[in-house]
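Here's the structure we're looking at; comments come further down.
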Amino acid sequence: MMSKNYWTTVATLVIAAGVQWVSVPAYAATEQGAQRQEARETKQTGRQDAREEKAECKAGDDQSRAECRQDKRDTKQESRDTARDIKY
C-alpha cells in the first residue's frame, strides 16, 4: 500500500502544475486584452476625426460631397490600419 504522504505529495504536485498551466494563458490574455482595448480606442478616435474632417470639408465648399466622403473613408481606413498594427 502507498502511504498517505505519497498521495499528499502527488496531489500537491498536480495542483502546482495546474496553477502554472493556468497562469501563463491568463497573463497572455490580459496583455492581448490590453492591446485590443488600445486598438478599439484608436479606431474610435479615428471615427471622430473622420466625422470632424467631413464636417469641415462640407462647410468649406472647396470639394464636392463625394470628395468629402472619400476623405472620411480614407481617414477611417488609416485609423483601422493603425489599430491593426497595434493588435498584431
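Chain labels follow the order of the C-alpha cells: the first chain is A, the next B, and so on; residue numbering restarts at 1 in every chain, and ligands are counted from 1 in their shown order.
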
Checklist line | Close residues, A:Lys87 itself excluded, 9 Å, only C-alpha atoms, min 6 positions apart in chain, as a PyMOL selection string | finding: chain A and resi 32+35-36+38-39

Residues of the last selection are to be written out with N, CA and C atoms, as a CSV table (one decimal), in the first residue's frame.
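Here's the written file again-v2.csv:
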chain,number,residue,atom,x,y,z
A,32,GLN,N,-3.1,40.6,-24.3
A,32,GLN,CA,-3.8,40.7,-25.5
A,32,GLN,C,-5.1,41.6,-25.4
A,35,GLN,N,-4.1,45.1,-25.6
A,35,GLN,CA,-3.8,45.5,-27.0
A,35,GLN,C,-5.1,45.7,-27.8
A,36,ARG,N,-6.1,44.9,-27.5
A,36,ARG,CA,-7.4,45.0,-28.2
A,36,ARG,C,-8.1,46.3,-27.8
A,38,GLU,N,-6.6,49.1,-26.7
A,38,GLU,CA,-5.9,50.2,-27.3
A,38,GLU,C,-6.3,50.3,-28.8
A,39,ALA,N,-6.4,49.2,-29.5
A,39,ALA,CA,-6.8,49.3,-30.9
A,39,ALA,C,-8.3,49.8,-31.0

Next item on the list: Tell me, as a PyMOL selection string, which residues lie within 12 Å of stretch 52-61 of chain A, counting only C-alpha atoms; anything in the same chain fewer than 6 positions away does not count.
Entry: chain A and resi 45-46+67-76

Next item on the list: One decimal, Å: what's the distance from atom CA of A:Arg47 over to atom CA of A:Gln77, could you say?
Entry: 9.4 Å

Checklist line | Which residue of A:Ile86, A:Asp62, A:Val14, A:Arg80 approaches A:Gln37 most closely, using only C-alpha atoms | finding: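 For A:Gln37, the nearest of the candidates is A:Ile86.
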
Checklist line | Of the listed residues A:Gln48, A:Thr8, A:Thr42, A:Ser64, that which approaches A:Ser79 most closely, counting only C-alpha atoms | finding: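 Of the candidates, the smallest distance to A:Ser79 is held by A:Thr42.
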